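Asker: My structure is stored as protein04.pdb, with PDB, C-alpha atoms, pLDDT in the B column.
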ATOM      1  CA  MET O   1       0.000   0.000   0.000  1.00 46.00           C
ATOM      2  CA  PHE O   2       2.847   2.393   0.794  1.00 53.00           C
ATOM      3  CA  LEU O   3       4.387   1.878  -2.658  1.00 50.00           C
ATOM      4  CA  ALA O   4       1.147   2.895  -4.370  1.00 55.00           C
ATOM      5  CA  ILE O   5       1.067   6.243  -2.539  1.00 57.00           C
ATOM      6  CA  GLY O   6       4.682   7.317  -3.066  1.00 53.00           C
ATOM      7  CA  VAL O   7       6.306   7.292  -6.486  1.00 53.00           C
ATOM      8  CA  GLY O   8      10.104   7.417  -6.582  1.00 59.00           C
ATOM      9  CA  GLY O   9      10.413   9.358  -3.339  1.00 63.00           C
ATOM     10  CA  PHE O  10       7.719  11.893  -4.255  1.00 66.00           C
ATOM     11  CA  ASN O  11       4.487  11.867  -2.346  1.00 80.00           C
ATOM     12  CA  THR O  12       1.220  12.331  -4.193  1.00 83.00           C
ATOM     13  CA  GLY O  13       0.685  15.611  -2.357  1.00 84.00           C
ATOM     14  CA  ASP O  14       4.020  16.948  -3.596  1.00 86.00           C
ATOM     15  CA  ILE O  15       3.141  16.112  -7.184  1.00 87.00           C
ATOM     16  CA  LEU O  16      -0.331  17.627  -6.809  1.00 91.00           C
ATOM     17  CA  PHE O  17       1.085  20.809  -5.255  1.00 93.00           C
ATOM     18  CA  SER O  18       3.640  21.149  -8.063  1.00 93.00           C
ATOM     19  CA  LEU O  19       0.953  20.664 -10.687  1.00 95.00           C
ATOM     20  CA  VAL O  20      -1.392  23.213  -9.100  1.00 97.00           C
ATOM     21  CA  SER O  21       1.473  25.714  -8.711  1.00 97.00           C
ATOM     22  CA  PHE O  22       2.466  25.276 -12.359  1.00 97.00           C
ATOM     23  CA  ILE O  23      -1.113  25.727 -13.566  1.00 98.00           C
ATOM     24  CA  GLY O  24      -1.481  28.790 -11.331  1.00 97.00           C
ATOM     25  CA  MET O  25       1.663  30.312 -12.805  1.00 98.00           C
ATOM     26  CA  ILE O  26       0.415  29.697 -16.362  1.00 98.00           C
ATOM     27  CA  VAL O  27      -2.986  31.229 -15.544  1.00 98.00           C
ATOM     28  CA  PHE O  28      -1.289  34.302 -14.021  1.00 98.00           C
ATOM     29  CA  ILE O  29       0.891  34.794 -17.119  1.00 98.00           C
ATOM     30  CA  ILE O  30      -2.117  34.449 -19.434  1.00 98.00           C
ATOM     31  CA  PHE O  31      -4.060  36.923 -17.264  1.00 98.00           C
ATOM     32  CA  VAL O  32      -1.255  39.505 -17.492  1.00 97.00           C
ATOM     33  CA  ILE O  33      -1.004  39.060 -21.265  1.00 97.00           C
ATOM     34  CA  LEU O  34      -4.770  39.529 -21.671  1.00 97.00           C
ATOM     35  CA  ILE O  35      -4.737  42.689 -19.537  1.00 96.00           C
ATOM     36  CA  VAL O  36      -1.891  44.143 -21.635  1.00 95.00           C
ATOM     37  CA  LYS O  37      -3.715  43.281 -24.876  1.00 94.00           C
ATOM     38  CA  LEU O  38      -6.908  44.887 -23.560  1.00 93.00           C
ATOM     39  CA  PHE O  39      -4.998  48.039 -22.635  1.00 91.00           C
ATOM     40  CA  ILE O  40      -3.306  48.228 -26.048  1.00 91.00           C
ATOM     41  CA  SER O  41      -6.574  47.628 -27.914  1.00 89.00           C
ATOM     42  CA  SER O  42      -8.303  50.403 -25.950  1.00 87.00           C
ATOM     43  CA  ILE O  43      -5.500  52.806 -26.911  1.00 86.00           C
ATOM     44  CA  ASN O  44      -5.807  51.770 -30.573  1.00 85.00           C
ATOM     45  CA  ARG O  45      -9.587  52.118 -30.428  1.00 87.00           C
ATOM     46  CA  LYS O  46      -9.261  55.662 -29.074  1.00 86.00           C
ATOM     47  CA  SER O  47      -6.868  56.638 -31.845  1.00 87.00           C
ATOM     48  CA  ASP O  48      -9.162  55.098 -34.462  1.00 87.00           C
ATOM     49  CA  LEU O  49     -12.147  56.989 -33.079  1.00 89.00           C
ATOM     50  CA  THR O  50     -10.172  60.223 -33.093  1.00 90.00           C
ATOM     51  CA  ARG O  51      -9.149  59.662 -36.705  1.00 90.00           C
ATOM     52  CA  ILE O  52     -12.752  58.924 -37.751  1.00 92.00           C
ATOM     53  CA  GLU O  53     -13.974  62.002 -35.904  1.00 94.00           C
ATOM     54  CA  GLU O  54     -11.449  64.179 -37.749  1.00 93.00           C
ATOM     55  CA  LYS O  55     -12.577  62.753 -41.087  1.00 95.00           C
ATOM     56  CA  LEU O  56     -16.213  63.422 -40.238  1.00 94.00           C
ATOM     57  CA  ASP O  57     -15.388  66.987 -39.241  1.00 93.00           C
ATOM     58  CA  THR O  58     -13.609  67.477 -42.549  1.00 93.00           C
ATOM     59  CA  LEU O  59     -16.572  66.106 -44.492  1.00 93.00           C
ATOM     60  CA  LEU O  60     -19.004  68.290 -42.587  1.00 92.00           C
ATOM     61  CA  LYS O  61     -16.908  71.385 -43.290  1.00 91.00           C
ATOM     62  CA  GLU O  62     -16.790  70.513 -47.006  1.00 90.00           C
ATOM     63  CA  LYS O  63     -20.545  70.020 -47.034  1.00 87.00           C
ATOM     64  CA  GLU O  64     -21.133  73.408 -45.402  1.00 87.00           C
ATOM     65  CA  LYS O  65     -18.991  75.071 -48.076  1.00 83.00           C
ATOM     66  CA  LEU O  66     -21.191  73.680 -50.846  1.00 75.00           C
TER      67      LEU O  66
END
Can you present the structure in this file as structure tokens?
Answerer:
Amino acid sequence: MFLAIGVGGFNTGDILFSLVSFIGMIVFIIFVILIVKLFISSINRKSDLTRIEEKLDTLLKEKEKL
């Protein structure tokens, strides 16, 4: 029974803790990457909206001239 619980000197709890820690680290890295992407996309969206607004202003001014 003791041989089934321990594998090569590692206890099952040690293996489980290592696995959970590794998964937690991966989830944290993915979370940070997603937050950075969200921040960058919001900056790009603001610049796109500003550019579109400038184009609309230009078109409205041209329409008023006619």
Asker: Could you work out an axis-aligned bounding box for all listed atoms of region 45-54 of chain O, with 3 Å added on each of the six sides, and give its centre and edge lengths in Å to one decimal, as JSON?
Answerer:
{"center_x": -10.4, "center_y": 58.1, "center_z": -33.4, "size_x": 13.1, "size_y": 18.1, "size_z": 14.7}
Asker: Mind giving me the straight-line distance from CA of Leu56 (chain O) to CA of Ile43 (chain O) in Å, one decimal?
Answerer: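 Value for the CA of Leu56 (chain O)-CA of Ile43 (chain O) distance: 20.1 Å.
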Asker: Rounded to one decimal, what separation in Å do you get between CA of Leu49 (chain O) and CA of Ile30 (chain O)?
Answerer: 28.2 Å
Asker: State, in Å with one decimal place, the distance from CA of Arg51 (chain O) to CA of Lys37 (chain O).
Answerer: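 Separation between CA of Arg51 (chain O) and CA of Lys37 (chain O): 20.9 Å.
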